[in-house]
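Undergrad: What follows is the file query31.cif, containing mmCIF, C-alpha atoms:
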```cif
data_model
#
loop_
_atom_site.group_PDB
_atom_site.id
_atom_site.type_symbol
_atom_site.label_atom_id
_atom_site.label_comp_id
_atom_site.auth_asym_id
_atom_site.auth_seq_id
_atom_site.Cartn_x
_atom_site.Cartn_y
_atom_site.Cartn_z
ATOM 1 C CA MET A 1 243.694 108.420 38.524
ATOM 2 C CA ALA A 2 239.967 109.018 38.164
ATOM 3 C CA ILE A 3 237.247 109.374 40.734
ATOM 4 C CA TYR A 4 233.763 107.998 40.115
ATOM 5 C CA THR A 5 230.768 109.032 42.137
ATOM 6 C CA ALA A 6 227.236 107.868 42.752
ATOM 7 C CA GLU A 7 224.634 109.257 45.100
ATOM 8 C CA ILE A 8 222.340 106.937 46.992
ATOM 9 C CA VAL A 9 219.239 108.704 48.286
ATOM 10 C CA TRP A 10 216.670 107.182 50.673
ATOM 11 C CA SER A 11 214.082 108.808 52.907
ATOM 12 C CA ARG A 12 212.019 107.294 55.719
ATOM 13 C CA SER A 13 209.043 109.595 55.059
ATOM 14 C CA ASP A 14 206.174 108.556 57.348
ATOM 15 C CA GLN A 15 207.351 104.961 57.839
ATOM 16 C CA LYS A 16 207.788 103.792 61.415
ATOM 17 C CA PHE A 17 211.272 102.308 60.764
ATOM 18 C CA ILE A 18 211.955 101.007 64.290
ATOM 19 C CA ASP A 19 209.769 97.940 63.617
ATOM 20 C CA ASN A 20 211.981 97.033 60.591
ATOM 21 C CA ARG A 21 208.975 97.464 58.270
ATOM 22 C CA TYR A 22 210.183 100.134 55.906
ATOM 23 C CA SER A 23 210.715 100.336 52.192
ATOM 24 C CA ARG A 24 214.239 99.693 50.949
ATOM 25 C CA LYS A 25 213.460 101.479 47.668
ATOM 26 C CA HIS A 26 215.857 104.333 47.003
ATOM 27 C CA ILE A 27 217.430 106.325 44.177
ATOM 28 C CA LEU A 28 220.801 105.662 42.549
ATOM 29 C CA ARG A 29 221.937 108.962 41.030
ATOM 30 C CA PHE A 30 224.960 109.139 38.751
ATOM 31 C CA ASP A 31 227.129 112.081 37.729
ATOM 32 C CA GLY A 32 225.618 112.277 34.233
ATOM 33 C CA GLY A 33 222.242 113.030 35.790
ATOM 34 C CA ILE A 34 220.594 109.640 35.317
ATOM 35 C CA GLU A 35 218.554 108.292 38.201
ATOM 36 C CA ILE A 36 217.633 104.643 38.653
ATOM 37 C CA ALA A 37 215.371 103.122 41.260
ATOM 38 C CA GLY A 38 217.305 100.896 43.645
ATOM 39 C CA SER A 39 216.206 98.465 46.329
ATOM 40 C CA SER A 40 217.323 95.470 48.282
ATOM 41 C CA SER A 41 216.786 92.166 46.537
ATOM 42 C CA PRO A 42 213.503 90.411 47.328
ATOM 43 C CA TYR A 43 215.710 87.357 48.014
ATOM 44 C CA VAL A 44 217.327 89.298 50.856
ATOM 45 C CA VAL A 45 214.479 91.458 52.169
ATOM 46 C CA PRO A 46 210.969 90.117 51.517
ATOM 47 C CA LEU A 47 208.232 92.008 49.704
ATOM 48 C CA PRO A 48 206.708 94.520 50.259
ATOM 49 C CA TYR A 49 209.843 96.026 51.829
ATOM 50 C CA SER A 50 211.869 95.428 48.649
ATOM 51 C CA ALA A 51 210.855 96.582 45.200
ATOM 52 C CA VAL A 52 210.972 94.155 42.280
ATOM 53 C CA ASP A 53 210.848 97.079 39.824
ATOM 54 C CA ALA A 54 214.187 98.444 41.058
ATOM 55 C CA VAL A 55 217.826 97.447 40.606
ATOM 56 C CA ASP A 56 219.321 95.663 43.592
ATOM 57 C CA PRO A 57 223.058 95.788 44.424
ATOM 58 C CA GLU A 58 223.570 92.194 43.322
ATOM 59 C CA GLU A 59 222.043 92.878 39.893
ATOM 60 C CA ALA A 60 224.090 96.065 39.610
ATOM 61 C CA PHE A 61 227.274 94.111 40.409
ATOM 62 C CA VAL A 62 226.557 91.548 37.682
ATOM 63 C CA ALA A 63 225.594 94.298 35.208
ATOM 64 C CA SER A 64 228.745 96.258 36.042
ATOM 65 C CA LEU A 65 230.976 93.273 35.298
ATOM 66 C CA SER A 66 229.107 92.537 32.069
ATOM 67 C CA SER A 67 229.147 96.150 30.891
ATOM 68 C CA CYS A 68 232.855 96.597 31.612
ATOM 69 C CA HIS A 69 233.695 93.380 29.763
ATOM 70 C CA MET A 70 231.603 94.448 26.748
ATOM 71 C CA LEU A 71 233.220 97.884 26.536
ATOM 72 C CA TRP A 72 236.704 96.342 26.574
ATOM 73 C CA PHE A 73 235.654 93.662 24.063
ATOM 74 C CA LEU A 74 234.396 96.290 21.595
ATOM 75 C CA SER A 75 237.562 98.350 22.001
ATOM 76 C CA ILE A 76 239.833 95.361 21.444
ATOM 77 C CA ALA A 77 237.767 93.998 18.529
ATOM 78 C CA VAL A 78 237.987 97.259 16.603
ATOM 79 C CA LYS A 79 241.766 97.410 17.153
ATOM 80 C CA HIS A 80 241.992 93.960 15.556
ATOM 81 C CA GLY A 81 239.937 95.041 12.535
ATOM 82 C CA PHE A 82 236.715 93.202 13.414
ATOM 83 C CA VAL A 83 233.327 94.854 12.867
ATOM 84 C CA VAL A 84 230.911 94.051 15.688
ATOM 85 C CA ASP A 85 227.267 94.604 14.738
ATOM 86 C CA ASP A 86 225.553 93.397 17.901
ATOM 87 C CA TYR A 87 226.527 92.251 21.357
ATOM 88 C CA HIS A 88 224.284 90.609 23.921
ATOM 89 C CA ASP A 89 225.192 89.146 27.287
ATOM 90 C CA ALA A 90 222.891 87.088 29.494
ATOM 91 C CA ALA A 91 225.085 87.452 32.586
ATOM 92 C CA GLU A 92 224.277 85.590 35.787
ATOM 93 C CA GLY A 93 225.503 85.874 39.358
ATOM 94 C CA VAL A 94 225.221 83.244 42.070
ATOM 95 C CA MET A 95 224.830 84.266 45.706
ATOM 96 C CA ALA A 96 226.049 81.627 48.140
ATOM 97 C CA ARG A 97 227.956 81.319 51.400
ATOM 98 C CA ASN A 98 231.738 81.505 51.322
ATOM 99 C CA ALA A 99 234.125 79.440 53.504
ATOM 100 C CA GLU A 100 233.513 81.831 56.418
ATOM 101 C CA GLY A 101 229.740 81.394 56.100
ATOM 102 C CA LYS A 102 229.186 84.905 54.702
ATOM 103 C CA LEU A 103 226.814 85.467 51.814
ATOM 104 C CA MET A 104 228.636 86.739 48.756
ATOM 105 C CA MET A 105 228.464 86.702 44.997
ATOM 106 C CA THR A 106 230.508 83.520 44.554
ATOM 107 C CA VAL A 107 230.440 83.264 40.758
ATOM 108 C CA VAL A 108 229.482 85.604 37.956
ATOM 109 C CA THR A 109 229.169 84.021 34.536
ATOM 110 C CA LEU A 110 229.180 86.190 31.452
ATOM 111 C CA ARG A 111 227.641 84.698 28.322
ATOM 112 C CA PRO A 112 228.409 87.266 25.647
ATOM 113 C CA GLU A 113 227.281 86.712 22.102
ATOM 114 C CA ALA A 114 228.692 88.944 19.399
ATOM 115 C CA ARG A 115 227.602 89.197 15.789
ATOM 116 C CA PHE A 116 230.204 90.307 13.278
ATOM 117 C CA SER A 117 230.081 91.455 9.680
ATOM 118 C CA GLY A 118 232.563 92.523 7.064
ATOM 119 C CA GLU A 119 235.387 90.773 5.309
ATOM 120 C CA LYS A 120 237.197 89.778 8.487
ATOM 121 C CA THR A 121 235.382 87.744 11.120
ATOM 122 C CA PRO A 122 237.167 86.124 14.052
ATOM 123 C CA THR A 123 237.847 82.427 14.223
ATOM 124 C CA ASN A 124 236.704 80.697 17.395
ATOM 125 C CA ALA A 125 240.279 80.916 18.746
ATOM 126 C CA GLU A 126 240.432 84.649 17.935
ATOM 127 C CA LEU A 127 237.047 85.185 19.570
ATOM 128 C CA GLN A 128 238.214 83.429 22.732
ATOM 129 C CA GLU A 129 241.351 85.588 22.731
ATOM 130 C CA LEU A 130 239.334 88.802 22.326
ATOM 131 C CA HIS A 131 237.286 87.832 25.372
ATOM 132 C CA ARG A 132 240.377 86.811 27.353
ATOM 133 C CA LEU A 133 241.971 90.197 26.640
ATOM 134 C CA ALA A 134 238.737 92.009 27.556
ATOM 135 C CA HIS A 135 238.529 90.067 30.814
ATOM 136 C CA ASP A 136 242.165 90.848 31.630
ATOM 137 C CA GLU A 137 241.569 94.580 31.091
ATOM 138 C CA CYS A 138 238.167 94.920 32.781
ATOM 139 C CA PHE A 139 238.571 97.277 35.736
ATOM 140 C CA ILE A 140 235.603 95.802 37.573
ATOM 141 C CA ALA A 141 236.716 92.182 37.166
ATOM 142 C CA ASN A 142 240.184 93.208 38.317
ATOM 143 C CA SER A 143 238.578 94.788 41.392
ATOM 144 C CA ALA A 144 236.352 91.871 42.313
ATOM 145 C CA LYS A 145 237.100 89.107 44.780
ATOM 146 C CA THR A 146 234.479 87.000 43.035
ATOM 147 C CA GLU A 147 235.438 84.510 40.361
ATOM 148 C CA VAL A 148 234.306 86.015 37.076
ATOM 149 C CA ARG A 149 233.769 83.561 34.243
ATOM 150 C CA CYS A 150 233.285 84.369 30.595
ATOM 151 C CA GLU A 151 231.519 81.967 28.247
ATOM 152 C CA PRO A 152 231.334 83.831 24.916
ATOM 153 C CA ARG A 153 228.932 82.894 22.177
ATOM 154 C CA GLN A 154 229.040 83.907 18.553
ATOM 155 C CA THR A 155 226.030 84.183 16.299
ATOM 156 C CA ALA A 156 226.497 81.622 13.536
ATOM 157 C CA LEU A 157 224.773 83.469 10.722
ATOM 158 C CA GLN A 158 225.925 86.953 9.929
ATOM 159 C CA HIS A 159 223.657 88.701 7.430
ATOM 160 C CA GLY A 160 222.710 85.280 6.072
ATOM 161 C CA ILE A 161 226.316 84.314 5.389
ATOM 162 C CA GLN A 162 228.068 81.789 7.570
ATOM 163 C CA PRO A 163 231.569 82.962 8.612
ATOM 164 C CA ARG A 164 234.550 81.246 7.024
ATOM 165 C CA SER A 165 235.681 79.968 10.417
ATOM 166 C CA LEU A 166 232.376 78.112 10.941
ATOM 167 C CA ARG A 167 232.200 76.843 7.335
ATOM 168 C CA SER A 168 235.621 75.270 7.728
ATOM 169 C CA LEU A 169 234.585 73.677 11.033
ATOM 170 C CA ASP A 170 231.384 72.317 9.443
ATOM 171 C CA ALA A 171 233.367 70.834 6.527
ATOM 172 C CA GLY A 172 235.307 68.677 8.986
ATOM 173 C CA ARG A 173 232.157 66.955 10.349
#
```
Please go through the file and, once you have read it, give me the structure as C-alpha cells.
TA:
Amino acid sequence: MAIYTAEIVWSRSDQKFIDNRYSRKHILRFDGGIEIAGSSSPYVVPLPYSAVDAVDPEEAFVASLSSCHMLWFLSIAVKHGFVVDDYHDAAEGVMARNAEGKLMMTVVTLRPEARFSGEKTPTNAELQELHRLAHDECFIANSAKTEVRCEPRQTALQHGIQPRSLRSLDAGR
C-alpha cells in the first residue's frame, strides 16, 4: 500500500467572502515540492472569481487519467521490445448531468499518439493491445466512476520511414 498526499492552500486575505465574491485561486502543493496554481473552472464559477491561468479540478482529473495511461503504456511498450520516441495525448473530458441530475465528468477520451523507432514497430493490432493493457492497469482509470475511453493514434512516418505494418496496409489499397 502507498499513500499519496497533496496540500491545497487557500487564503481569504482581505476579501469579504460572505457576499460570495472571492477568488477561488489557490495552490496545489505536492510532496516533491512542486506548486501549481489551482482554481475553480470558469465554466463553474464565473470570472473574475475563477482564474483561467490555473488548473481546475476537472482539468486535473483529465490530466491524471492521461498521465497514468501514458506511464503504463511506456512501461508495457518497453517490455514488448518497442522503442517509443514521442508520446502526445490530446485528452478531453465532458462535463454533463448524470441520471440523478448531478454534474459529473461523464466521459474522458484519451487520444494518445505514439511515435516509434527501431527495428520493431507495433502493428495496429499490437498498438491497440498495448493501449488496452495500459488502460487495464491504470490506477486512476480503475478508480474512476467515469467511462474512460482510449482512442490511440500512431504517427505514420517514423524518421522518414513508414513502418512495415502501415506499408503492408497501404499495399492492400
Undergrad: Closest to Asp136 of chain A among A:Val148, A:Ala99, A:Val84, A:Val44, using only C-alpha atoms?
TA: A:Val148
Undergrad: List every protein, DNA or RNA residue with an atom no more than 12 Å from (220.2, 100.7, 44.9) in the file's coordinates, counting all atoms listed in the file, and format the result as a PyMOL selection string.
TA: chain A and resi 6-10+23-30+35-41+50-61
Undergrad: Just give me the gap between atom CA of Pro152 of chain A and atom CA of Ser117 of chain A in Å, one decimal is fine.
TA: 17.1 Å
Undergrad: Excluding same-chain residues fewer than 3 positions from Ala96 of chain A, what lies within 9 Å of it counting all atoms listed in the file, as a VMD selection string?
TA: chain A and resid 101 to 107
Undergrad: Please write the residues from the selection above to a file, keeping C-alpha atoms, as a short mmCIF file (atom, residue, chain, number, x, y, z; two decimals), in the coordinates of the input.
TA:
```cif
data_model
loop_
_atom_site.label_atom_id
_atom_site.label_comp_id
_atom_site.auth_asym_id
_atom_site.auth_seq_id
_atom_site.Cartn_x
_atom_site.Cartn_y
_atom_site.Cartn_z
CA GLY A 101 229.74 81.39 56.10
CA LYS A 102 229.19 84.90 54.70
CA LEU A 103 226.81 85.47 51.81
CA MET A 104 228.64 86.74 48.76
CA MET A 105 228.46 86.70 45.00
CA THR A 106 230.51 83.52 44.55
CA VAL A 107 230.44 83.26 40.76
#
```
Undergrad: Ile76 of chain A: which residues within 10 Å, counting only C-alpha atoms, same-chain residues fewer than 4 positions away excluded, as a PyMOL selection string?
TA: chain A and resi 70-72+80-82+129-131+133-134+137
Undergrad: A:Ile34, A:Ala2, A:Met95, A:Leu110: which is nearest Ser67 of chain A, counting only C-alpha atoms?
TA: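 Answer, going by the shortest atom-to-atom distance: A:Leu110.
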Undergrad: Hey, could you patch up segment 29-47 of chain A with N, CA and C atoms and hand it over as a CSV table (one decimal), in the coordinates of the input?
TA:
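Written out: selection34.csv:
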```
chain,number,residue,atom,x,y,z
A,29,ARG,N,221.8,107.8,41.9
A,29,ARG,CA,221.9,109.0,41.0
A,29,ARG,C,223.4,109.0,40.6
A,30,PHE,N,223.6,109.1,39.3
A,30,PHE,CA,225.0,109.1,38.8
A,30,PHE,C,225.3,110.5,38.2
A,31,ASP,N,226.6,110.7,38.1
A,31,ASP,CA,227.1,112.1,37.7
A,31,ASP,C,226.6,112.6,36.4
A,32,GLY,N,226.2,111.8,35.5
A,32,GLY,CA,225.6,112.3,34.2
A,32,GLY,C,224.2,112.7,34.4
A,33,GLY,N,223.6,112.6,35.5
A,33,GLY,CA,222.2,113.0,35.8
A,33,GLY,C,221.2,111.9,35.8
A,34,ILE,N,221.6,110.7,35.4
A,34,ILE,CA,220.6,109.6,35.3
A,34,ILE,C,220.3,109.2,36.7
A,35,GLU,N,219.0,108.8,36.9
A,35,GLU,CA,218.6,108.3,38.2
A,35,GLU,C,217.9,107.0,37.9
A,36,ILE,N,218.2,106.0,38.8
A,36,ILE,CA,217.6,104.6,38.7
A,36,ILE,C,217.1,104.3,40.0
A,37,ALA,N,215.9,103.6,40.0
A,37,ALA,CA,215.4,103.1,41.3
A,37,ALA,C,216.2,101.9,41.8
A,38,GLY,N,216.6,102.0,43.0
A,38,GLY,CA,217.3,100.9,43.6
A,38,GLY,C,216.5,100.3,44.8
A,39,SER,N,216.9,99.1,45.2
A,39,SER,CA,216.2,98.5,46.3
A,39,SER,C,217.1,97.3,46.8
A,40,SER,N,216.7,96.8,47.9
A,40,SER,CA,217.3,95.5,48.3
A,40,SER,C,216.7,94.4,47.4
A,41,SER,N,217.3,93.3,47.3
A,41,SER,CA,216.8,92.2,46.5
A,41,SER,C,215.6,91.5,47.3
A,42,PRO,N,214.6,91.1,46.6
A,42,PRO,CA,213.5,90.4,47.3
A,42,PRO,C,214.0,89.1,47.9
A,43,TYR,N,215.1,88.6,47.4
A,43,TYR,CA,215.7,87.4,48.0
A,43,TYR,C,216.3,87.6,49.4
A,44,VAL,N,216.7,88.9,49.6
A,44,VAL,CA,217.3,89.3,50.9
A,44,VAL,C,216.3,89.9,51.8
A,45,VAL,N,215.5,90.8,51.4
A,45,VAL,CA,214.5,91.5,52.2
A,45,VAL,C,213.1,91.2,51.5
A,46,PRO,N,212.2,90.5,52.2
A,46,PRO,CA,211.0,90.1,51.5
A,46,PRO,C,210.1,91.3,51.1
A,47,LEU,N,209.2,91.0,50.1
A,47,LEU,CA,208.2,92.0,49.7
A,47,LEU,C,207.3,92.2,50.9
```
